[in-house]
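Notes follow the structure.
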Amino acid sequence: MKRPGRVSLFALLFLIQVLASALTAATPPVLNSVFPCGGQQGHSLELKVSGTGLDEVSRLICSHSDVSAEKISEDRFRVSIPASVPVGTYDLRVLCRNGLSSPRSFVVGNRSEVLESEPNEKLKSAQDVSLDVSINGCVSQKGDVDVYRFQASQGQRVVLECRAERIDSSLNAILEVFDPSGRRLAVNRGFFGNDPLISFRVPADGTYKVKVFDLIYSGSPNHFYRLDIDTGPRMLFTIPPVIQKGETSQVSVYGWNLNSLKSRSEQQLVQDEAVEAARRSLELGEDSKNRQPLLTQSSSTVGNALDRLDLTIKAPADSDSLVVPLRRGSKQTDLESFAFQLEEGHAPLSISLTDLPVVLEQEAHQTAQTAQQLAYPTEVSGQLIAGDEQDWYAFQARRGEVLWFEAWGQRINSPVDLDVSLLDGSDDGSDQKVLARFTDHISDSGGRQFSLNHLDPVGKWVVPEDGRYLIMVRDLRGGLDDDPRRVYRFSLRRQEPEFHLAVVPHHQKQASLNIERGGRTLLDVYAIRKRGMEDSIRISALNLPPGIECPDVWLGPNTKRALLTVSASESAPAFVENLQLKVSSAQGANRRISGGTLVRTDLPNTTSRLTTAIPLAVTNTAPVKITANPQLTRKHDLFGEMKLRHAPGSVLDVAVQVDRRDLSDQAEVKLQGVGLPQMIQNQSTVIPAGVNKGYLSFYLPPYLPEGHYTLTIQAETEVTNPESKKKTSVKLFSNPVSFEVKPAAFVVAVDTGAPRKIRRGETIQVKYSARRMNGFISKIHTELEAPAVKVDGLRVRGVTFVGQTEEGTLQIIANDDAPLGKQAFIRLSAVGVVEDQAVYQGSCFLDLEITD
């Protein structure tokens with residue numbers, strides 16, 4: 001006899017599975033993994049793709065156009081990498097029936113490639129590999145462990161580096177290395193973010209083993225990795241970490257195995273005796289008393305005999321050189337950098353760029369009394385090797401100057417959490433009063449989906465009086481061990497506006513820019529405004545492909561987020577091309593727009609990164625299209641056809657047209673605004689079933705700054721699925737609605753005590769004010785109106801103010817057949833007259849309900 005509870009559980013699980021399948025079918029194509037996740041220059045490989053929504057995969061597309069792919073089966077491609085393709089990290093996407101997939105990282109290297117071969121879970125069954133290889137592996141299931149075995153000679157410097165997080169993997173990797181006797185020499189995690197690295201000097205000839213596994217012994221096909229076992233030149237960081245654009249600079253590169261790139265006489269080896277002694281103890285992997293294995297921490301791993309290579313580098317000057325084949329997180333949206341590669345080096349290193357002269361820190365400036373003198377504007381290259389180290393700087397400033405302080409640590413991949421304090425700089429070093437403190441930068445534009453927050457200090461300060469001031473830079477993370485990787489940038493400059501933008505497909509999950517014929521899709525535009533950048537920012541598309549439209553949009557004053565709309569015509573051909581965008585503003589210099597993508601949404605905090613391009617694809621035909629048009633004119637009984645002028649304290653009316661491909665689909669359409677400037681309150685309404693036109697109105701508050709703005713209308717309705725013939729819910733978007741807000745002549749407001757209800761046949765008195773602004777003294781005529789039409793069922797006699805009058809009363813009468821219920825978007829609409837010409841408008845909503 002079956003138990004009812006068991007039957008119900010099975011039924012519930014079946015229902016969940018069916019719903020999950022339906023949801024999967026409706027989601028955009030998502031590429032979860034490509035394996036192997038890298039390849040060697042001048043070679044080809046067979047690559048497998050996997051993900052969700054990847055129906056009828058036809059092409060594999062790389063962000064570097066010279067990398068080609070030939071389909072050999074449903075989910076496999078033959079990928080060819082020319083020798084001319086630079087070493088670095090690129091984006092791979094697949095094209096399928098539903099469009100272009102989200103991207104996954106693919107590494108082009110210059111070492112031999114090896115594929116993981118099972119079984120290799122234990123030390124005794126380790127897979128044999130050689131030195132100087134890149135291994136493509138996967139922790140494919142929970143508890144999986146991968147072990148590799150290699151031969152090494154005494155004195156060799158071997159670097160073991162695992163790339164996982166940096167290539168969009170879910171793996172939180174741990175590395176362990178064992179000597180020929182099976183004794184663990186070192187373990188590491190979290191050297192580069194979550195990715196581990198172990199560098200060790202081989203103590204004796206023999207066979208060594210390296211183990212890879214997940215921190216919590218998790219595993220899946222999405223837990224892929226690349227493990228390097230390398231003895232070649234490897235760069236770790238540079239001093240300075242930033243150089244001036246277009247200038248020739250002296251740069252010291254720090255890393256391992258750099259000796260082969262120059263003669264011993266030129267070599268400068270950075271070795272601290274105490275650190276080297278600790279290194280030798282750690283490399284032996286034992287405690288002198290109990291001979292138990294020791295754990296190698298990141299700082300000790302770094303401290304062992306870093307090589308230094310002094311070079312002269314010419315920095316690029318044009319923005320086109322800033323597209324680097326390196327992974328950049330969303331936190332690095334405002335970071336300008338270029339890829340620097342050494343001959344025979346393993347991978348390029350990112351070096352930052354600035355428009356300011358760069359000054360190196362002095363050796364002795366760790367106290368207030370020995371503070372290094374700066375003359376701004378300038379940028380400083382510093383290093384906090386000791387965990388409790390403090391770097392001090394001094395500068396002279398004049399009263400009233402607006403200064404901006406900014407430090408870079410996390411954004412240049414340095415293991416620091418910087419803190420900057422500004423202090424009173426008395427000559428004797430006493431009474432150092434803290435005047436300001438700058439810590440983590442928290443942005444409200446990207447939100448959780450595309451985080452722009454970082455740990456680097458940014459702040460503004462107005463100089464209170466002429467004098468000398470001190471700056472103290474420290475690392476809040478600290479640590480007991482020295483770590484030369486703790487480099488930083490610090491800039492001190494006047495208020496000079498600057499901005500940076502990132503553009504991301506408007507989804508709550510990984511996606512690409514796919515546009516249905518006859519439809520529209522959205523991109524989120526996130527702005528980082530710096531050093532007083534408050535003006536409107538205009539975004540325009542260039543060289544659009546045939547059949548594609550992308551109207552200009554505006555981020556209004558101080559606005560940090562907007563929506564960019566891309567449309568495809570009914571006849572647009574199928575293609576994949578990159579969307580080209582430019583930005584402009586009257587207040588600041590033009591800046592590059594970076595593409596962006598969500599990487600993982602299955603973690604407590606989603607991860608996101610930048611992309612080198614914004615590819616788009618044209619897909620199926622849209623079932624419904626909506627078109628939004630802001631009302632720019634209005635017919636008035638007294639003044640005829642008026643040209644509307646939007647100002648703070650007025651109403652923006654948007655007419656929405658619904659065009660259905662299947663005329664049998666006549667469901668109601670729910671409307672609301674999306675991408676609204678922060679100060680504008682959202683509104684919603686419903687276009688009734690069978691009706692193809694409606695209005696959505698927004699109040700522009702009196703405190704809204706003047707400037708250009710853009711918003712978009714979102715619609716939700718039901719359509720018939722052409723395959724299943726069942727009703728399905730769809731969400732679609734309008735074209736962008738752009739408008740300009742100009743200075744107000746007056747602001748209309750309803751009295752707080754005005755009635756909110758009126759019965760049929762009743763008359764009410766509504767008191768209101770029209771507060772004059774900007775010297776306006778002419779007539780103001782006020783009536784009751786609705787968007788584009790007369791108010792149905794209500795009568796009112798208009799009121800005209802003359803001279804300095806600012807208060808009045810409207811008498812409203814409800815007809816016996818007036819429609820019951822709340823009256824959507826009715827407002828007190830006022831017209832300002834100059835020499836008998838209607839010039840200015842002001843409005844405010846009237847919350848009114850008609851009852852029996």
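By convention in this document, the chains of the structure tokens carry letters A, B, ... by their order, each chain's residues are numbered from 1, and ligands are numbered from 1 in the order they are shown.
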- Query: What lies within 6 Å of region 554-558 of chain A using only C-alpha atoms, ignoring chain neighbours under 5 positions off, as a PyMOL selection string?
  - Reply: chain A and resi 534-538+707-710
Grab the residues selected above and save them as a PDB file, in the first residue's frame with N, CA and C atoms.
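What landed in result_32.pdb:
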```pdb
ATOM      1  N   GLU A 534      29.010  66.096 -12.816  1.00  0.00           N
ATOM      2  CA  GLU A 534      27.579  66.166 -12.517  1.00  0.00           C
ATOM      3  C   GLU A 534      26.715  66.340 -13.760  1.00  0.00           C
ATOM      4  N   ASP A 535      27.305  66.681 -14.884  1.00  0.00           N
ATOM      5  CA  ASP A 535      26.553  67.041 -16.079  1.00  0.00           C
ATOM      6  C   ASP A 535      25.881  65.810 -16.709  1.00  0.00           C
ATOM      7  N   SER A 536      24.937  66.074 -17.641  1.00  0.00           N
ATOM      8  CA  SER A 536      24.313  64.989 -18.400  1.00  0.00           C
ATOM      9  C   SER A 536      25.350  64.325 -19.294  1.00  0.00           C
ATOM     10  N   ILE A 537      25.196  63.009 -19.483  1.00  0.00           N
ATOM     11  CA  ILE A 537      26.085  62.226 -20.328  1.00  0.00           C
ATOM     12  C   ILE A 537      25.254  61.637 -21.469  1.00  0.00           C
ATOM     13  N   ARG A 538      25.698  61.850 -22.688  1.00  0.00           N
ATOM     14  CA  ARG A 538      24.979  61.369 -23.864  1.00  0.00           C
ATOM     15  C   ARG A 538      25.673  60.133 -24.425  1.00  0.00           C
ATOM     16  N   GLY A 707      18.477  69.430 -17.105  1.00  0.00           N
ATOM     17  CA  GLY A 707      19.354  68.624 -17.945  1.00  0.00           C
ATOM     18  C   GLY A 707      18.571  67.648 -18.798  1.00  0.00           C
ATOM     19  N   HIS A 708      19.294  66.775 -19.484  1.00  0.00           N
ATOM     20  CA  HIS A 708      18.689  65.764 -20.346  1.00  0.00           C
ATOM     21  C   HIS A 708      18.532  64.453 -19.585  1.00  0.00           C
ATOM     22  N   TYR A 709      17.407  63.772 -19.815  1.00  0.00           N
ATOM     23  CA  TYR A 709      17.109  62.509 -19.147  1.00  0.00           C
ATOM     24  C   TYR A 709      16.530  61.522 -20.160  1.00  0.00           C
ATOM     25  N   THR A 710      16.594  60.241 -19.790  1.00  0.00           N
ATOM     26  CA  THR A 710      15.995  59.184 -20.603  1.00  0.00           C
ATOM     27  C   THR A 710      15.372  58.148 -19.681  1.00  0.00           C
TER      28      THR A 710
END
```
- Message: Just the number, please: distance in Å from CA of Glu785 (chain A) to CA of His636 (chain A), one decimal.
- Response: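 CA of His636 (chain A) lies at a distance of 10.0 Å from CA of Glu785 (chain A).
Residue nearest Ser63 (chain A), chosen from A:Asp132, A:Asp637, A:Glu336, A:Glu577 and counting only C-alpha atoms: A:Glu577.
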- Contacts of region 488-500 of chain A at 6 Å (only C-alpha atoms; same-chain gap of 2+ positions) as a ChimeraX atom specification: /A:334,376-382,402-409,527-533,588,591
- Query: Got a sec: who's within 12 Å of Lys670 (chain A), counting only C-alpha atoms, leaving out chain neighbours fewer than 6 positions off, as a list in words?
  - Reply: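 Listing them by chain and then by number gives Ile626, Val656, Val658, Gln683, Ser684, Thr685, Val686, Ile687, Pro688, Ala689, Val691, Asn692, Lys693, Gly694, Tyr695, Leu696, Ile713, Gln714, Ala715, Glu716, Thr717, Glu718, Ser729, Val730, Lys731, Leu732 and Phe733 of chain A.
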Would you write out those residues with N, CA, C and O atoms, as a CSV table (one decimal), in the first residue's frame?
```
chain,number,residue,atom,x,y,z
A,626,ILE,N,5.9,47.5,-28.5
A,626,ILE,CA,5.3,48.7,-28.0
A,626,ILE,C,6.2,49.9,-28.3
A,626,ILE,O,7.4,49.8,-28.4
A,656,VAL,N,1.7,55.2,-25.3
A,656,VAL,CA,2.2,53.9,-25.5
A,656,VAL,C,1.3,53.2,-26.5
A,656,VAL,O,0.1,53.1,-26.3
A,658,VAL,N,0.5,49.7,-28.7
A,658,VAL,CA,0.8,48.3,-28.7
A,658,VAL,C,0.5,47.7,-30.1
A,658,VAL,O,-0.7,47.9,-30.6
A,683,GLN,N,5.6,55.0,-11.9
A,683,GLN,CA,4.2,54.9,-12.1
A,683,GLN,C,3.8,53.6,-12.8
A,683,GLN,O,4.7,53.1,-13.5
A,684,SER,N,2.6,53.2,-12.7
A,684,SER,CA,2.1,52.0,-13.4
A,684,SER,C,0.7,52.2,-13.8
A,684,SER,O,0.0,53.0,-13.2
A,685,THR,N,0.3,51.5,-14.9
A,685,THR,CA,-1.1,51.6,-15.3
A,685,THR,C,-1.4,50.3,-16.2
A,685,THR,O,-0.4,49.5,-16.4
A,686,VAL,N,-2.6,50.2,-16.6
A,686,VAL,CA,-3.0,49.0,-17.4
A,686,VAL,C,-3.8,49.5,-18.6
A,686,VAL,O,-4.7,50.3,-18.5
A,687,ILE,N,-3.3,49.0,-19.8
A,687,ILE,CA,-4.1,49.2,-21.0
A,687,ILE,C,-5.1,48.0,-21.1
A,687,ILE,O,-4.7,46.9,-21.1
A,688,PRO,N,-6.4,48.3,-21.1
A,688,PRO,CA,-7.4,47.2,-21.0
A,688,PRO,C,-7.3,46.3,-22.2
A,688,PRO,O,-6.8,46.6,-23.2
A,689,ALA,N,-7.8,45.1,-22.0
A,689,ALA,CA,-7.9,44.1,-23.0
A,689,ALA,C,-8.6,44.6,-24.3
A,689,ALA,O,-9.6,45.3,-24.2
A,691,VAL,N,-7.6,47.0,-26.2
A,691,VAL,CA,-7.2,48.3,-26.5
A,691,VAL,C,-5.7,48.4,-26.9
A,691,VAL,O,-4.9,47.7,-26.3
A,692,ASN,N,-5.4,49.2,-27.8
A,692,ASN,CA,-4.0,49.2,-28.3
A,692,ASN,C,-3.2,50.5,-28.0
A,692,ASN,O,-2.1,50.7,-28.4
A,693,LYS,N,-3.8,51.4,-27.2
A,693,LYS,CA,-3.1,52.6,-26.8
A,693,LYS,C,-3.4,53.0,-25.4
A,693,LYS,O,-4.5,52.9,-24.9
A,694,GLY,N,-2.4,53.6,-24.7
A,694,GLY,CA,-2.6,54.0,-23.4
A,694,GLY,C,-1.6,55.1,-23.0
A,694,GLY,O,-0.7,55.5,-23.9
A,695,TYR,N,-1.6,55.6,-21.8
A,695,TYR,CA,-0.7,56.6,-21.4
A,695,TYR,C,-0.1,56.3,-20.0
A,695,TYR,O,-0.7,55.6,-19.2
A,696,LEU,N,1.1,56.7,-19.8
A,696,LEU,CA,1.8,56.6,-18.5
A,696,LEU,C,2.4,57.9,-18.3
A,696,LEU,O,3.1,58.5,-19.1
A,713,ILE,N,9.8,52.4,-21.1
A,713,ILE,CA,8.5,51.8,-20.6
A,713,ILE,C,8.6,50.3,-20.7
A,713,ILE,O,9.0,49.8,-21.8
A,714,GLN,N,8.3,49.6,-19.7
A,714,GLN,CA,8.2,48.1,-19.7
A,714,GLN,C,6.8,47.7,-19.7
A,714,GLN,O,5.9,48.2,-19.1
A,715,ALA,N,6.5,46.7,-20.5
A,715,ALA,CA,5.1,46.2,-20.7
A,715,ALA,C,5.1,44.7,-20.4
A,715,ALA,O,6.1,43.9,-20.8
A,716,GLU,N,4.1,44.2,-19.8
A,716,GLU,CA,3.9,42.7,-19.6
A,716,GLU,C,2.5,42.4,-20.1
A,716,GLU,O,1.5,43.0,-19.7
A,717,THR,N,2.4,41.3,-20.9
A,717,THR,CA,1.1,40.8,-21.4
A,717,THR,C,1.2,39.4,-21.7
A,717,THR,O,2.3,38.7,-21.5
A,718,GLU,N,0.2,38.8,-22.2
A,718,GLU,CA,0.1,37.4,-22.6
A,718,GLU,C,0.0,37.2,-24.1
A,718,GLU,O,-0.8,38.0,-24.7
A,729,SER,N,3.3,34.3,-20.7
A,729,SER,CA,3.6,35.7,-20.3
A,729,SER,C,4.9,36.2,-20.9
A,729,SER,O,5.9,35.5,-21.0
A,730,VAL,N,4.9,37.4,-21.5
A,730,VAL,CA,6.1,38.0,-22.0
A,730,VAL,C,6.3,39.4,-21.4
A,730,VAL,O,5.4,40.1,-21.0
A,731,LYS,N,7.6,39.8,-21.4
A,731,LYS,CA,8.0,41.1,-20.9
A,731,LYS,C,8.7,41.8,-22.1
A,731,LYS,O,9.6,41.2,-22.7
A,732,LEU,N,8.3,43.0,-22.4
A,732,LEU,CA,8.9,43.7,-23.5
A,732,LEU,C,9.1,45.2,-23.1
A,732,LEU,O,8.6,45.7,-22.1
A,733,PHE,N,9.9,45.9,-24.0
A,733,PHE,CA,10.3,47.2,-23.6
A,733,PHE,C,10.1,48.2,-24.8
A,733,PHE,O,10.2,47.8,-26.0
```
Tell me, counting only C-alpha atoms, for each residue of region 87-126 of chain A within 6 Å of region 31-54 of chain A, which pair of atoms is nearest and how far apart they are in Å to one decimal, in rows ordered by chain and increasing number, as CSV.
```
residue,atom,partner,partner_atom,distance
A:Cys96,CA,A:Leu54,CA,5.9
A:Ser101,CA,A:Leu31,CA,5.8
A:Ser102,CA,A:Leu31,CA,5.5
A:Phe106,CA,A:Gly38,CA,5.1
A:Val107,CA,A:Gly38,CA,4.3
A:Val108,CA,A:Gly39,CA,5.2
A:Gly109,CA,A:Gln40,CA,4.8
A:Asn110,CA,A:Gln40,CA,5.4
```
Residue subset to file, keeping all heavy atoms, as an mmCIF file, in the first residue's frame:
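The result, written out as again25.cif:
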```cif
data_model
loop_
_atom_site.group_PDB
_atom_site.id
_atom_site.type_symbol
_atom_site.label_atom_id
_atom_site.label_comp_id
_atom_site.auth_asym_id
_atom_site.auth_seq_id
_atom_site.Cartn_x
_atom_site.Cartn_y
_atom_site.Cartn_z
ATOM 1 N N CYS A 96 23.337 30.020 -31.307
ATOM 2 C CA CYS A 96 22.377 28.935 -31.404
ATOM 3 C C CYS A 96 21.032 29.478 -31.875
ATOM 4 O O CYS A 96 20.925 30.637 -32.278
ATOM 5 C CB CYS A 96 22.250 28.203 -30.072
ATOM 6 S SG CYS A 96 21.890 29.275 -28.678
ATOM 7 N N SER A 101 25.093 33.296 -26.998
ATOM 8 C CA SER A 101 25.169 32.918 -25.587
ATOM 9 C C SER A 101 25.948 33.942 -24.785
ATOM 10 O O SER A 101 26.623 34.823 -25.329
ATOM 11 C CB SER A 101 25.838 31.550 -25.444
ATOM 12 O OG SER A 101 27.243 31.676 -25.633
ATOM 13 N N SER A 102 25.869 33.801 -23.467
ATOM 14 C CA SER A 102 26.750 34.561 -22.580
ATOM 15 C C SER A 102 28.190 34.097 -22.803
ATOM 16 O O SER A 102 28.424 33.002 -23.326
ATOM 17 C CB SER A 102 26.339 34.330 -21.131
ATOM 18 O OG SER A 102 26.375 32.942 -20.831
ATOM 19 N N PHE A 106 38.491 32.207 -22.214
ATOM 20 C CA PHE A 106 39.345 31.227 -22.898
ATOM 21 C C PHE A 106 40.748 31.810 -22.915
ATOM 22 O O PHE A 106 40.961 32.947 -23.355
ATOM 23 C CB PHE A 106 38.842 30.978 -24.313
ATOM 24 C CG PHE A 106 39.650 29.969 -25.084
ATOM 25 C CD1 PHE A 106 39.471 28.607 -24.868
ATOM 26 C CD2 PHE A 106 40.583 30.379 -26.012
ATOM 27 C CE1 PHE A 106 40.208 27.674 -25.567
ATOM 28 C CE2 PHE A 106 41.329 29.452 -26.734
ATOM 29 C CZ PHE A 106 41.140 28.093 -26.512
ATOM 30 N N VAL A 107 41.722 31.036 -22.441
ATOM 31 C CA VAL A 107 43.091 31.516 -22.275
ATOM 32 C C VAL A 107 43.946 31.038 -23.443
ATOM 33 O O VAL A 107 43.971 29.843 -23.758
ATOM 34 C CB VAL A 107 43.696 31.017 -20.948
ATOM 35 C CG1 VAL A 107 45.133 31.521 -20.803
ATOM 36 C CG2 VAL A 107 42.848 31.464 -19.766
ATOM 37 N N VAL A 108 44.624 31.971 -24.082
ATOM 38 C CA VAL A 108 45.638 31.639 -25.085
ATOM 39 C C VAL A 108 46.991 31.730 -24.409
ATOM 40 O O VAL A 108 47.358 32.782 -23.864
ATOM 41 C CB VAL A 108 45.563 32.592 -26.291
ATOM 42 C CG1 VAL A 108 46.732 32.333 -27.237
ATOM 43 C CG2 VAL A 108 44.245 32.431 -27.018
ATOM 44 N N GLY A 109 47.739 30.609 -24.397
ATOM 45 C CA GLY A 109 49.025 30.563 -23.719
ATOM 46 C C GLY A 109 50.153 30.270 -24.673
ATOM 47 O O GLY A 109 49.958 30.048 -25.870
ATOM 48 N N ASN A 110 51.368 30.235 -24.111
ATOM 49 C CA ASN A 110 52.546 29.904 -24.912
ATOM 50 C C ASN A 110 53.309 28.726 -24.323
ATOM 51 O O ASN A 110 54.490 28.541 -24.585
ATOM 52 C CB ASN A 110 53.461 31.121 -25.054
ATOM 53 C CG ASN A 110 53.860 31.720 -23.710
ATOM 54 O OD1 ASN A 110 53.637 31.117 -22.664
ATOM 55 N ND2 ASN A 110 54.446 32.909 -23.732
#
```
- List the neighbours of Leu123 (chain A) out to 7 Å using only C-alpha atoms; skip same-chain residues closer than 2 positions along the sequence, and give me the result as a VMD selection string. chain A and resid 125 to 126 147
With N, CA and C atoms retained, write the just-selected residues as a PDB file, in the first residue's frame.
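Here's the written file selection_28.pdb:
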```pdb
ATOM      1  N   SER A 125      48.322   7.437  -7.773  1.00  0.00           N
ATOM      2  CA  SER A 125      47.774   7.332  -9.133  1.00  0.00           C
ATOM      3  C   SER A 125      47.869   8.663  -9.862  1.00  0.00           C
ATOM      4  N   ALA A 126      48.818   9.499  -9.460  1.00  0.00           N
ATOM      5  CA  ALA A 126      48.958  10.827 -10.051  1.00  0.00           C
ATOM      6  C   ALA A 126      49.263  10.740 -11.545  1.00  0.00           C
ATOM      7  N   VAL A 147      45.513  14.962  -8.985  1.00  0.00           N
ATOM      8  CA  VAL A 147      46.919  14.955  -8.596  1.00  0.00           C
ATOM      9  C   VAL A 147      47.773  14.771  -9.851  1.00  0.00           C
TER      10      VAL A 147
END
```
- Would you list, as an NGL selection string, the residues of region 573-632 of chain A that end up in strand (DSSP E or B) under DSSP run on this structure's backbone? :A and (576-578 or 580-584 or 593-600 or 607-611 or 615-621 or 624-630)
Let me see the file: selected residues, C-alpha atoms, as a tab-separated table (two decimals), in the first residue's frame.
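Once everything was written out, this is part_8.tsv:
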```
chain	number	residue	atom	x	y	z
A	576	VAL	CA	26.58	38.82	-35.27
A	577	GLU	CA	28.38	42.14	-34.96
A	578	ASN	CA	29.79	44.35	-32.21
A	580	GLN	CA	29.90	50.48	-31.21
A	581	LEU	CA	29.08	53.27	-28.78
A	582	LYS	CA	30.47	56.68	-27.95
A	583	VAL	CA	29.86	59.05	-25.05
A	584	SER	CA	29.97	62.81	-24.75
A	593	ILE	CA	32.49	52.48	-22.77
A	594	SER	CA	33.31	48.98	-21.55
A	595	GLY	CA	31.09	45.99	-22.12
A	596	GLY	CA	30.13	43.87	-19.12
A	597	THR	CA	28.66	40.49	-18.25
A	598	LEU	CA	27.46	38.53	-15.25
A	599	VAL	CA	29.70	35.52	-14.64
A	600	ARG	CA	27.95	33.51	-11.94
A	607	THR	CA	30.33	37.85	-9.86
A	608	SER	CA	30.67	40.09	-12.86
A	609	ARG	CA	33.40	41.32	-15.17
A	610	LEU	CA	34.13	43.49	-18.17
A	611	THR	CA	34.26	42.31	-21.76
A	615	PRO	CA	28.37	41.70	-29.50
A	616	LEU	CA	24.76	41.57	-30.71
A	617	ALA	CA	22.76	39.02	-32.69
A	618	VAL	CA	19.39	39.11	-34.46
A	619	THR	CA	17.09	36.21	-33.55
A	620	ASN	CA	13.43	35.23	-33.93
A	621	THR	CA	10.41	37.49	-34.51
A	624	VAL	CA	4.42	42.14	-29.58
A	625	LYS	CA	6.00	45.56	-30.00
A	626	ILE	CA	5.34	48.66	-27.96
A	627	THR	CA	6.23	52.19	-28.99
A	628	ALA	CA	6.49	55.09	-26.54
A	629	ASN	CA	6.27	58.74	-27.51
A	630	PRO	CA	6.61	61.61	-25.04
```
